[in-house]
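Coordinates as given in structure02.pdb (PDB, C-alpha atoms):
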ATOM      1  CA  MET P 223     -58.040 -24.539   4.955  1.00  0.00           C
ATOM      2  CA  ASN P 224     -58.229 -27.484   7.374  1.00  0.00           C
ATOM      3  CA  ARG P 225     -56.581 -27.672  10.751  1.00  0.00           C
ATOM      4  CA  PHE P 226     -53.831 -30.020   9.511  1.00  0.00           C
ATOM      5  CA  ALA P 227     -52.675 -27.432   6.949  1.00  0.00           C
ATOM      6  CA  LEU P 228     -52.693 -24.715   9.589  1.00  0.00           C
ATOM      7  CA  ALA P 229     -50.609 -26.905  11.872  1.00  0.00           C
ATOM      8  CA  ALA P 230     -48.074 -27.607   9.090  1.00  0.00           C
ATOM      9  CA  ILE P 231     -47.697 -23.880   8.339  1.00  0.00           C
ATOM     10  CA  ALA P 232     -47.194 -23.131  12.013  1.00  0.00           C
ATOM     11  CA  MET P 233     -44.462 -25.779  12.221  1.00  0.00           C
ATOM     12  CA  LEU P 234     -42.647 -24.660   9.050  1.00  0.00           C
ATOM     13  CA  ALA P 235     -42.728 -20.898   9.682  1.00  0.00           C
ATOM     14  CA  PRO P 236     -40.002 -20.801  12.398  1.00  0.00           C
ATOM     15  CA  ALA P 237     -37.715 -22.980  10.277  1.00  0.00           C
ATOM     16  CA  SER P 238     -38.224 -20.715   7.263  1.00  0.00           C
ATOM     17  CA  ILE P 239     -37.461 -17.571   9.275  1.00  0.00           C
ATOM     18  CA  SER P 240     -34.355 -19.179  10.757  1.00  0.00           C
ATOM     19  CA  ALA P 241     -33.102 -20.180   7.300  1.00  0.00           C
ATOM     20  CA  GLN P 242     -33.483 -16.623   6.052  1.00  0.00           C
ATOM     21  CA  VAL P 243     -31.740 -15.011   8.994  1.00  0.00           C
ATOM     22  CA  GLY P 244     -28.942 -17.576   9.193  1.00  0.00           C
ATOM     23  CA  HIS P 245     -27.851 -16.798  12.773  1.00  0.00           C
ATOM     24  CA  LEU P 246     -29.394 -15.457  15.897  1.00  0.00           C
ATOM     25  CA  PRO P 247     -28.014 -11.951  16.598  1.00  0.00           C
ATOM     26  CA  GLN P 248     -26.056 -13.106  19.633  1.00  0.00           C
ATOM     27  CA  GLU P 249     -24.563 -16.014  17.643  1.00  0.00           C
ATOM     28  CA  SER P 250     -23.711 -14.179  14.403  1.00  0.00           C
ATOM     29  CA  PRO P 251     -20.019 -14.081  13.394  1.00  0.00           C
ATOM     30  CA  PHE P 252     -20.631 -10.566  12.027  1.00  0.00           C
ATOM     31  CA  GLU P 253     -20.353  -7.525  14.293  1.00  0.00           C
ATOM     32  CA  ASP P 254     -21.029  -3.865  13.583  1.00  0.00           C
ATOM     33  CA  THR P 255     -18.009  -1.591  13.207  1.00  0.00           C
ATOM     34  CA  PRO P 256     -19.437   1.875  13.883  1.00  0.00           C
ATOM     35  CA  TYR P 257     -16.142   3.808  13.990  1.00  0.00           C
ATOM     36  CA  ARG P 258     -15.768   6.925  11.789  1.00  0.00           C
ATOM     37  CA  GLN P 259     -12.142   8.076  12.133  1.00  0.00           C
ATOM     38  CA  GLU P 260      -8.874   6.332  12.909  1.00  0.00           C
ATOM     39  CA  ILE P 261      -5.159   7.039  12.821  1.00  0.00           C
ATOM     40  CA  THR P 262      -2.601   4.278  12.262  1.00  0.00           C
ATOM     41  CA  SER P 263       1.086   4.088  13.066  1.00  0.00           C
ATOM     42  CA  TYR P 264       2.993   1.366  11.247  1.00  0.00           C
ATOM     43  CA  SER P 265       6.392  -0.082  10.417  1.00  0.00           C
ATOM     44  CA  GLY P 266       7.507  -2.636   7.887  1.00  0.00           C
ATOM     45  CA  TRP P 267       9.536  -3.234   4.756  1.00  0.00           C
ATOM     46  CA  TYR P 268       9.863  -1.325   1.503  1.00  0.00           C
ATOM     47  CA  SER P 269      10.895  -3.692  -1.300  1.00  0.00           C
ATOM     48  CA  GLY P 270      12.354  -1.033  -3.613  1.00  0.00           C
ATOM     49  CA  ALA P 271      12.792  -1.145  -7.379  1.00  0.00           C
ATOM     50  CA  GLU P 272      16.318  -0.510  -8.583  1.00  0.00           C
ATOM     51  CA  GLY P 273      15.266  -0.511 -12.229  1.00  0.00           C
ATOM     52  CA  SER P 274      17.066  -1.753 -15.319  1.00  0.00           C
ATOM     53  CA  ALA P 275      20.049   0.513 -14.648  1.00  0.00           C
ATOM     54  CA  GLY P 276      20.309  -0.581 -11.011  1.00  0.00           C
ATOM     55  CA  VAL P 277      20.305   2.979  -9.662  1.00  0.00           C
ATOM     56  CA  GLY P 278      16.776   3.212  -8.211  1.00  0.00           C
ATOM     57  CA  PRO P 279      15.876   3.006  -4.499  1.00  0.00           C
ATOM     58  CA  GLN P 280      16.775  -0.279  -2.848  1.00  0.00           C
ATOM     59  CA  ALA P 281      14.890  -2.293  -0.238  1.00  0.00           C
ATOM     60  CA  GLY P 282      14.850  -1.040   3.347  1.00  0.00           C
ATOM     61  CA  PRO P 283      12.721  -0.459   6.458  1.00  0.00           C
ATOM     62  CA  ILE P 284       9.774   1.928   6.393  1.00  0.00           C
ATOM     63  CA  VAL P 285       7.702   3.725   9.058  1.00  0.00           C
ATOM     64  CA  GLY P 286       4.656   5.900   8.630  1.00  0.00           C
ATOM     65  CA  LEU P 287       1.222   7.225   9.578  1.00  0.00           C
ATOM     66  CA  ARG P 288      -2.194   6.823   7.956  1.00  0.00           C
ATOM     67  CA  TYR P 289      -5.413   8.744   8.705  1.00  0.00           C
ATOM     68  CA  GLU P 290      -8.843   7.542   7.576  1.00  0.00           C
ATOM     69  CA  ILE P 291     -12.363   8.977   7.847  1.00  0.00           C
ATOM     70  CA  ARG P 292     -15.591   7.318   6.741  1.00  0.00           C
ATOM     71  CA  ILE P 293     -17.217   9.030   3.757  1.00  0.00           C
ATOM     72  CA  GLY P 294     -20.166   6.670   3.286  1.00  0.00           C
ATOM     73  CA  GLY P 295     -21.038   3.028   3.874  1.00  0.00           C
ATOM     74  CA  PRO P 296     -17.868   0.881   3.905  1.00  0.00           C
ATOM     75  CA  ALA P 297     -15.748   3.551   2.149  1.00  0.00           C
ATOM     76  CA  PHE P 298     -13.093   5.691   3.844  1.00  0.00           C
ATOM     77  CA  PHE P 299     -11.009   8.598   2.587  1.00  0.00           C
ATOM     78  CA  SER P 300      -7.378   8.081   3.613  1.00  0.00           C
ATOM     79  CA  VAL P 301      -4.170  10.096   3.607  1.00  0.00           C
ATOM     80  CA  HIS P 302      -0.792   8.467   4.128  1.00  0.00           C
ATOM     81  CA  ALA P 303       2.823   9.426   4.697  1.00  0.00           C
ATOM     82  CA  GLY P 304       5.626   6.882   4.850  1.00  0.00           C
ATOM     83  CA  HIS P 305       9.396   7.247   5.195  1.00  0.00           C
ATOM     84  CA  ALA P 306      11.558   4.534   3.652  1.00  0.00           C
ATOM     85  CA  PHE P 307      15.196   4.282   4.741  1.00  0.00           C
ATOM     86  CA  SER P 308      16.720   3.217   1.441  1.00  0.00           C
ATOM     87  CA  LYS P 309      19.969   3.330  -0.500  1.00  0.00           C
ATOM     88  CA  ARG P 310      20.909   3.457  -4.164  1.00  0.00           C
ATOM     89  CA  ASP P 311      23.962   2.808  -6.310  1.00  0.00           C
ATOM     90  CA  VAL P 312      25.761   5.707  -7.978  1.00  0.00           C
ATOM     91  CA  ILE P 313      27.341   5.133 -11.377  1.00  0.00           C
ATOM     92  CA  ASP P 314      29.164   7.108 -14.056  1.00  0.00           C
ATOM     93  CA  PRO P 315      27.778   5.785 -17.362  1.00  0.00           C
ATOM     94  CA  LEU P 316      30.728   7.218 -19.327  1.00  0.00           C
ATOM     95  CA  ASN P 317      33.144   4.911 -17.494  1.00  0.00           C
ATOM     96  CA  PRO P 318      33.763   1.355 -18.721  1.00  0.00           C
ATOM     97  CA  PRO P 319      31.587  -1.276 -16.976  1.00  0.00           C
ATOM     98  CA  ALA P 320      34.483  -2.409 -14.738  1.00  0.00           C
ATOM     99  CA  THR P 321      34.922   1.044 -13.201  1.00  0.00           C
ATOM    100  CA  ARG P 322      31.364   2.377 -13.600  1.00  0.00           C
ATOM    101  CA  HIS P 323      30.201   1.882 -10.008  1.00  0.00           C
ATOM    102  CA  LEU P 324      31.085   4.837  -7.757  1.00  0.00           C
ATOM    103  CA  GLY P 325      29.565   3.625  -4.493  1.00  0.00           C
ATOM    104  CA  THR P 326      26.260   3.604  -2.631  1.00  0.00           C
ATOM    105  CA  LYS P 327      24.441   6.565  -1.088  1.00  0.00           C
ATOM    106  CA  ASP P 328      21.599   6.850   1.432  1.00  0.00           C
ATOM    107  CA  VAL P 329      18.125   7.674   0.160  1.00  0.00           C
ATOM    108  CA  SER P 330      15.476   9.301   2.345  1.00  0.00           C
ATOM    109  CA  LEU P 331      12.319   8.432   0.393  1.00  0.00           C
ATOM    110  CA  LEU P 332       8.905   9.850   1.306  1.00  0.00           C
ATOM    111  CA  LEU P 333       5.786   8.089   0.022  1.00  0.00           C
ATOM    112  CA  LEU P 334       2.804  10.466   0.150  1.00  0.00           C
ATOM    113  CA  ASP P 335      -0.659   9.642  -1.156  1.00  0.00           C
ATOM    114  CA  ALA P 336      -4.407  10.052  -0.718  1.00  0.00           C
ATOM    115  CA  GLY P 337      -7.160   7.688  -1.784  1.00  0.00           C
ATOM    116  CA  ILE P 338     -10.104   5.462  -0.916  1.00  0.00           C
ATOM    117  CA  THR P 339     -10.180   2.411   1.362  1.00  0.00           C
ATOM    118  CA  VAL P 340     -13.168   0.024   1.138  1.00  0.00           C
ATOM    119  CA  ASN P 341     -14.012  -2.556   3.804  1.00  0.00           C
ATOM    120  CA  LEU P 342     -14.889  -5.764   1.939  1.00  0.00           C
ATOM    121  CA  THR P 343     -17.252  -6.951   4.699  1.00  0.00           C
ATOM    122  CA  GLY P 344     -19.225  -3.703   4.593  1.00  0.00           C
ATOM    123  CA  GLN P 345     -19.787  -1.984   7.933  1.00  0.00           C
ATOM    124  CA  LYS P 346     -19.222  -5.222   9.833  1.00  0.00           C
ATOM    125  CA  SER P 347     -16.361  -7.444  10.884  1.00  0.00           C
ATOM    126  CA  TRP P 348     -16.269 -11.231  10.597  1.00  0.00           C
ATOM    127  CA  HIS P 349     -15.026 -12.731  13.874  1.00  0.00           C
ATOM    128  CA  GLY P 350     -13.293  -9.369  14.379  1.00  0.00           C
ATOM    129  CA  ILE P 351     -11.595  -9.543  10.948  1.00  0.00           C
ATOM    130  CA  ILE P 352     -12.109  -6.792   8.336  1.00  0.00           C
ATOM    131  CA  PRO P 353     -10.480  -7.339   4.909  1.00  0.00           C
ATOM    132  CA  PHE P 354     -10.091  -4.218   2.792  1.00  0.00           C
ATOM    133  CA  ALA P 355      -8.803  -2.856  -0.507  1.00  0.00           C
ATOM    134  CA  ARG P 356      -7.459   0.595  -1.224  1.00  0.00           C
ATOM    135  CA  PHE P 357      -6.366   2.724  -4.164  1.00  0.00           C
ATOM    136  CA  GLY P 358      -5.038   6.222  -4.515  1.00  0.00           C
ATOM    137  CA  ALA P 359      -2.445   8.557  -6.011  1.00  0.00           C
ATOM    138  CA  GLY P 360       0.448  10.614  -4.706  1.00  0.00           C
ATOM    139  CA  VAL P 361       4.183  11.147  -5.067  1.00  0.00           C
ATOM    140  CA  ALA P 362       7.472   9.496  -4.124  1.00  0.00           C
ATOM    141  CA  ALA P 363       9.857  12.228  -2.989  1.00  0.00           C
ATOM    142  CA  ASN P 364      13.605  11.804  -2.505  1.00  0.00           C
ATOM    143  CA  VAL P 365      14.180  14.326   0.313  1.00  0.00           C
ATOM    144  CA  GLY P 366      17.437  16.287   0.268  1.00  0.00           C
ATOM    145  CA  SER P 367      18.880  14.368  -2.665  1.00  0.00           C
ATOM    146  CA  ARG P 368      21.659  15.638  -4.878  1.00  0.00           C
ATOM    147  CA  VAL P 369      22.229  14.593  -8.449  1.00  0.00           C
ATOM    148  CA  ASP P 370      25.158  12.305  -9.141  1.00  0.00           C
ATOM    149  CA  PRO P 371      27.911  12.734 -11.783  1.00  0.00           C
ATOM    150  CA  ALA P 372      25.528  11.533 -14.504  1.00  0.00           C
ATOM    151  CA  ASN P 373      22.744  13.914 -13.400  1.00  0.00           C
ATOM    152  CA  PHE P 374      20.427  11.090 -12.347  1.00  0.00           C
ATOM    153  CA  ALA P 375      17.952  11.855  -9.557  1.00  0.00           C
ATOM    154  CA  ILE P 376      14.865  10.092  -8.279  1.00  0.00           C
ATOM    155  CA  GLY P 377      13.154  13.464  -7.951  1.00  0.00           C
ATOM    156  CA  THR P 378       9.460  13.629  -7.030  1.00  0.00           C
ATOM    157  CA  PRO P 379       7.648  11.334  -9.458  1.00  0.00           C
ATOM    158  CA  PHE P 380       3.867  10.841  -9.544  1.00  0.00           C
ATOM    159  CA  ALA P 381       2.805   7.499  -8.030  1.00  0.00           C
ATOM    160  CA  LEU P 382      -0.218   5.237  -8.397  1.00  0.00           C
ATOM    161  CA  VAL P 383      -1.074   3.259  -5.271  1.00  0.00           C
ATOM    162  CA  LEU P 384      -2.913  -0.069  -4.955  1.00  0.00           C
ATOM    163  CA  GLY P 385      -3.177  -2.165  -1.842  1.00  0.00           C
ATOM    164  CA  THR P 386      -5.041  -4.693   0.237  1.00  0.00           C
ATOM    165  CA  GLY P 387      -4.903  -5.944   3.789  1.00  0.00           C
ATOM    166  CA  VAL P 388      -6.820  -6.966   6.854  1.00  0.00           C
ATOM    167  CA  ARG P 389      -7.809  -5.309  10.117  1.00  0.00           C
ATOM    168  CA  TRP P 390      -8.359  -7.098  13.420  1.00  0.00           C
ATOM    169  CA  ALA P 391     -10.863  -5.360  15.690  1.00  0.00           C
ATOM    170  CA  PRO P 392     -10.743  -7.028  19.136  1.00  0.00           C
ATOM    171  CA  GLY P 393     -13.011  -4.357  20.648  1.00  0.00           C
ATOM    172  CA  GLY P 394     -12.424  -1.016  22.267  1.00  0.00           C
ATOM    173  CA  ARG P 395     -10.576   1.821  20.569  1.00  0.00           C
ATOM    174  CA  TRP P 396      -7.596  -0.149  19.240  1.00  0.00           C
ATOM    175  CA  GLN P 397      -7.356  -2.137  16.032  1.00  0.00           C
ATOM    176  CA  PHE P 398      -4.423  -3.870  14.385  1.00  0.00           C
ATOM    177  CA  ARG P 399      -3.777  -4.187  10.656  1.00  0.00           C
ATOM    178  CA  PHE P 400      -1.551  -5.778   8.046  1.00  0.00           C
ATOM    179  CA  ASP P 401      -1.104  -3.972   4.704  1.00  0.00           C
ATOM    180  CA  VAL P 402       0.363  -4.987   1.356  1.00  0.00           C
ATOM    181  CA  GLY P 403       0.743  -2.128  -1.110  1.00  0.00           C
ATOM    182  CA  ASP P 404       2.293  -1.226  -4.440  1.00  0.00           C
ATOM    183  CA  HIS P 405       3.585   2.253  -5.273  1.00  0.00           C
ATOM    184  CA  LEU P 406       4.033   2.457  -9.020  1.00  0.00           C
ATOM    185  CA  PHE P 407       6.232   5.344 -10.151  1.00  0.00           C
ATOM    186  CA  ARG P 408       8.596   6.190 -12.984  1.00  0.00           C
ATOM    187  CA  LEU P 409      12.370   6.451 -13.019  1.00  0.00           C
ATOM    188  CA  ASN P 410      13.759   8.923 -15.559  1.00  0.00           C
ATOM    189  CA  TYR P 411      17.299   8.429 -16.877  1.00  0.00           C
ATOM    190  CA  PRO P 412      19.644  11.061 -18.343  1.00  0.00           C
ATOM    191  CA  SER P 413      20.708  10.727 -21.970  1.00  0.00           C
ATOM    192  CA  THR P 414      24.248   9.699 -20.946  1.00  0.00           C
ATOM    193  CA  TYR P 415      22.857   6.303 -19.831  1.00  0.00           C
ATOM    194  CA  GLY P 416      22.479   5.474 -23.517  1.00  0.00           C
ATOM    195  CA  SER P 417      25.971   6.673 -24.502  1.00  0.00           C
ATOM    196  CA  ILE P 418      28.926   4.463 -25.388  1.00  0.00           C
ATOM    197  CA  PRO P 419      31.457   4.630 -22.507  1.00  0.00           C
ATOM    198  CA  GLN P 420      34.832   6.234 -23.039  1.00  0.00           C
ATOM    199  CA  GLY P 421      37.169   3.449 -24.086  1.00  0.00           C
ATOM    200  CA  GLY P 422      34.314   1.325 -25.437  1.00  0.00           C
ATOM    201  CA  GLY P 423      31.840  -1.115 -23.998  1.00  0.00           C
ATOM    202  CA  ASP P 424      28.062  -1.370 -23.739  1.00  0.00           C
ATOM    203  CA  PRO P 425      25.965   1.582 -22.564  1.00  0.00           C
ATOM    204  CA  VAL P 426      24.072   1.347 -19.283  1.00  0.00           C
ATOM    205  CA  LEU P 427      20.756   1.377 -21.148  1.00  0.00           C
ATOM    206  CA  ALA P 428      20.068   1.135 -24.855  1.00  0.00           C
ATOM    207  CA  GLY P 429      17.001   2.938 -26.190  1.00  0.00           C
ATOM    208  CA  LYS P 430      15.368   3.540 -22.811  1.00  0.00           C
ATOM    209  CA  THR P 431      15.033   6.924 -21.126  1.00  0.00           C
ATOM    210  CA  SER P 432      12.442   6.052 -18.466  1.00  0.00           C
ATOM    211  CA  GLU P 433      10.483   3.142 -17.002  1.00  0.00           C
ATOM    212  CA  TRP P 434       7.638   2.527 -14.557  1.00  0.00           C
ATOM    213  CA  ARG P 435       8.618   0.366 -11.592  1.00  0.00           C
ATOM    214  CA  HIS P 436       6.604  -1.426  -8.908  1.00  0.00           C
ATOM    215  CA  ASN P 437       7.635  -0.709  -5.308  1.00  0.00           C
ATOM    216  CA  GLY P 438       6.103  -3.064  -2.775  1.00  0.00           C
ATOM    217  CA  VAL P 439       5.369  -2.061   0.826  1.00  0.00           C
ATOM    218  CA  PHE P 440       4.579  -4.603   3.578  1.00  0.00           C
ATOM    219  CA  THR P 441       3.598  -3.221   6.986  1.00  0.00           C
ATOM    220  CA  VAL P 442       1.971  -4.015  10.323  1.00  0.00           C
ATOM    221  CA  GLY P 443       0.386  -1.270  12.404  1.00  0.00           C
ATOM    222  CA  ALA P 444      -1.822  -0.279  15.327  1.00  0.00           C
ATOM    223  CA  SER P 445      -4.875   1.945  14.759  1.00  0.00           C
ATOM    224  CA  TYR P 446      -6.547   4.182  17.331  1.00  0.00           C
ATOM    225  CA  ILE P 447     -10.264   4.933  16.870  1.00  0.00           C
ATOM    226  CA  ILE P 448     -10.661   8.701  17.161  1.00  0.00           C
ATOM    227  CA  SER P 449     -14.461   8.808  16.901  1.00  0.00           C
ATOM    228  CA  ARG P 450     -17.386   6.451  16.461  1.00  0.00           C
TER     229      ARG P 450
END
Please re-express this file's structure in structure tokens.
Amino acid sequence: MNRFALAAIAMLAPASISAQVGHLPQESPFEDTPYRQEITSYSGWYSGAEGSAGVGPQAGPIVGLRYEIRIGGPAFFSVHAGHAFSKRDVIDPLNPPATRHLGTKDVSLLLLDAGITVNLTGQKSWHGIIPFARFGAGVAANVGSRVDPANFAIGTPFALVLGTGVRWAPGGRWQFRFDVGDHLFRLNYPSTYGSIPQGGGDPVLAGKTSEWRHNGVFTVGASYIISR
């Protein structure tokens, strides 16, 4: 190999290494996120899903807590508890449509679940931003509820949970996050919802005794890093 070839290789080698690396470490937009545990306090809006009969939980504010611990790589195990301040309509399905509505009552709805959260940028942030996705399962519990004249109750249905969001990690022990989630659970209706009202008229529901409904949750929160 002549000296001109050696010179060309020497000139091209740094460029090749730079192309592979992409950025010098001090100039990279990616930063390590070595935290292991965090707890988040949040508030936001619960969209509610009143259902075909219009008696399910309505939209209202929500507050809650979420705890996460790293279980490997970019994956975290999370547990969550949220309290939605909701309302719902009360009806008597045996009354004619004009006099069916009996008023509105408060609903204290707990959303409890456990699942997995995965950071989509791995164990790094991009300019301090960490997008994530999460999935899990739990329950939606109507605390202290009483059945209405038609024996309808939200109860404690099983819920599937899907969500996404983004964290902002400015440094130190505090992070901030925005979450969008969906709690999918079923509303069960008593048989009287399919009955013909006294005096005639259409039933509340025809041929439907239950249905799965999507319940959106939109929150902003602050997370404290417990351990790194």
Review point. Got a sec: who's within 8 Å of range 287-294 of chain P, counting all atoms listed in the file, leaving out chain neighbours fewer than 6 positions off, as a PyMOL selection string?
Key: chain P and resi 258-264+300-304
re CA of Asn410 in chain P and CA of His323 in chain P: distance 18.7 Å
Separating CA of Glu433 in chain P from CA of Leu406 in chain P, to the nearest tenth of an Å, is a gap of 10.3 Å
*Option closest in space to Arg310 in chain P, from P:Arg435, P:Arg408, P:Arg389, P:Lys327 [counting all atoms listed in the file]*: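 When distances to Arg310 in chain P are compared using all atoms listed in the file, the smallest one comes from P:Lys327.
Among the candidate residues P:Arg368, P:Arg322, P:His349, P:Arg399, the one lying nearest to Phe440 in chain P is P:Arg399, with distances computed using all atoms listed in the file.
Put simply, the PyMOL selection byres ((chain P and resi 417-429) around 7) in this file takes in Ala275, Pro315, Leu316, Asn317, Pro318, Thr414, Tyr415, Gly416, Lys430 and Thr431 of chain P.
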- Task: Quick one: everything within 9 Å of Thr441 in chain P, counting only C-alpha atoms, minus sequence neighbours fewer than 6 positions away in the same chain. Send it as a PyMOL selection string.
- Result: chain P and resi 264-268+284-285+399-403
Would you pull range 269-291 of chain P out of the block just shown and save N, CA and C atoms as a PDB file, in the first residue's frame?
ATOM      1  N   SER P 269     -63.421  12.592  31.177  1.00  0.00           N
ATOM      2  CA  SER P 269     -64.420  12.910  30.153  1.00  0.00           C
ATOM      3  C   SER P 269     -65.759  12.227  30.396  1.00  0.00           C
ATOM      4  N   GLY P 270     -65.748  11.068  31.087  1.00  0.00           N
ATOM      5  CA  GLY P 270     -67.001  10.382  31.374  1.00  0.00           C
ATOM      6  C   GLY P 270     -67.610   9.713  30.156  1.00  0.00           C
ATOM      7  N   ALA P 271     -68.504   8.765  30.405  1.00  0.00           N
ATOM      8  CA  ALA P 271     -69.217   8.078  29.331  1.00  0.00           C
ATOM      9  C   ALA P 271     -70.602   7.739  29.849  1.00  0.00           C
ATOM     10  N   GLU P 272     -71.564   8.548  29.513  1.00  0.00           N
ATOM     11  CA  GLU P 272     -72.915   8.394  30.046  1.00  0.00           C
ATOM     12  C   GLU P 272     -73.637   7.178  29.491  1.00  0.00           C
ATOM     13  N   GLY P 273     -73.176   6.651  28.360  1.00  0.00           N
ATOM     14  CA  GLY P 273     -73.783   5.466  27.793  1.00  0.00           C
ATOM     15  C   GLY P 273     -75.063   5.753  27.028  1.00  0.00           C
ATOM     16  N   SER P 274     -75.582   4.728  26.392  1.00  0.00           N
ATOM     17  CA  SER P 274     -76.776   4.878  25.550  1.00  0.00           C
ATOM     18  C   SER P 274     -78.000   5.301  26.348  1.00  0.00           C
ATOM     19  N   ALA P 275     -78.054   4.905  27.615  1.00  0.00           N
ATOM     20  CA  ALA P 275     -79.196   5.264  28.462  1.00  0.00           C
ATOM     21  C   ALA P 275     -79.007   6.624  29.128  1.00  0.00           C
ATOM     22  N   GLY P 276     -77.816   7.191  29.051  1.00  0.00           N
ATOM     23  CA  GLY P 276     -77.568   8.499  29.638  1.00  0.00           C
ATOM     24  C   GLY P 276     -77.470   8.514  31.146  1.00  0.00           C
ATOM     25  N   VAL P 277     -77.173   7.357  31.766  1.00  0.00           N
ATOM     26  CA  VAL P 277     -77.147   7.295  33.225  1.00  0.00           C
ATOM     27  C   VAL P 277     -75.745   6.992  33.773  1.00  0.00           C
ATOM     28  N   GLY P 278     -74.749   6.891  32.898  1.00  0.00           N
ATOM     29  CA  GLY P 278     -73.384   6.628  33.341  1.00  0.00           C
ATOM     30  C   GLY P 278     -72.715   7.873  33.901  1.00  0.00           C
ATOM     31  N   PRO P 279     -71.480   7.741  34.396  1.00  0.00           N
ATOM     32  CA  PRO P 279     -70.772   8.886  34.985  1.00  0.00           C
ATOM     33  C   PRO P 279     -70.484   9.966  33.958  1.00  0.00           C
ATOM     34  N   GLN P 280     -70.715  11.208  34.364  1.00  0.00           N
ATOM     35  CA  GLN P 280     -70.522  12.349  33.478  1.00  0.00           C
ATOM     36  C   GLN P 280     -69.119  12.933  33.656  1.00  0.00           C
ATOM     37  N   ALA P 281     -68.782  13.876  32.787  1.00  0.00           N
ATOM     38  CA  ALA P 281     -67.469  14.513  32.832  1.00  0.00           C
ATOM     39  C   ALA P 281     -67.306  15.336  34.105  1.00  0.00           C
ATOM     40  N   GLY P 282     -66.059  15.406  34.587  1.00  0.00           N
ATOM     41  CA  GLY P 282     -65.766  16.186  35.785  1.00  0.00           C
ATOM     42  C   GLY P 282     -64.283  16.191  36.088  1.00  0.00           C
ATOM     43  N   PRO P 283     -63.851  16.983  37.068  1.00  0.00           N
ATOM     44  CA  PRO P 283     -62.433  17.040  37.431  1.00  0.00           C
ATOM     45  C   PRO P 283     -61.966  15.741  38.078  1.00  0.00           C
ATOM     46  N   ILE P 284     -60.654  15.502  37.990  1.00  0.00           N
ATOM     47  CA  ILE P 284     -60.065  14.311  38.584  1.00  0.00           C
ATOM     48  C   ILE P 284     -58.721  14.667  39.206  1.00  0.00           C
ATOM     49  N   VAL P 285     -58.393  14.033  40.330  1.00  0.00           N
ATOM     50  CA  VAL P 285     -57.082  14.163  40.973  1.00  0.00           C
ATOM     51  C   VAL P 285     -56.592  12.757  41.287  1.00  0.00           C
ATOM     52  N   GLY P 286     -55.270  12.613  41.438  1.00  0.00           N
ATOM     53  CA  GLY P 286     -54.791  11.271  41.734  1.00  0.00           C
ATOM     54  C   GLY P 286     -53.301  11.191  41.968  1.00  0.00           C
ATOM     55  N   LEU P 287     -52.833   9.961  42.228  1.00  0.00           N
ATOM     56  CA  LEU P 287     -51.432   9.653  42.472  1.00  0.00           C
ATOM     57  C   LEU P 287     -51.041   8.459  41.606  1.00  0.00           C
ATOM     58  N   ARG P 288     -49.768   8.449  41.188  1.00  0.00           N
ATOM     59  CA  ARG P 288     -49.228   7.325  40.427  1.00  0.00           C
ATOM     60  C   ARG P 288     -47.816   7.031  40.932  1.00  0.00           C
ATOM     61  N   TYR P 289     -47.530   5.747  41.157  1.00  0.00           N
ATOM     62  CA  TYR P 289     -46.194   5.310  41.586  1.00  0.00           C
ATOM     63  C   TYR P 289     -45.616   4.400  40.510  1.00  0.00           C
ATOM     64  N   GLU P 290     -44.332   4.607  40.172  1.00  0.00           N
ATOM     65  CA  GLU P 290     -43.681   3.787  39.166  1.00  0.00           C
ATOM     66  C   GLU P 290     -42.300   3.361  39.642  1.00  0.00           C
ATOM     67  N   ILE P 291     -41.906   2.124  39.285  1.00  0.00           N
ATOM     68  CA  ILE P 291     -40.585   1.607  39.601  1.00  0.00           C
ATOM     69  C   ILE P 291     -40.056   0.863  38.377  1.00  0.00           C
TER      70      ILE P 291
END
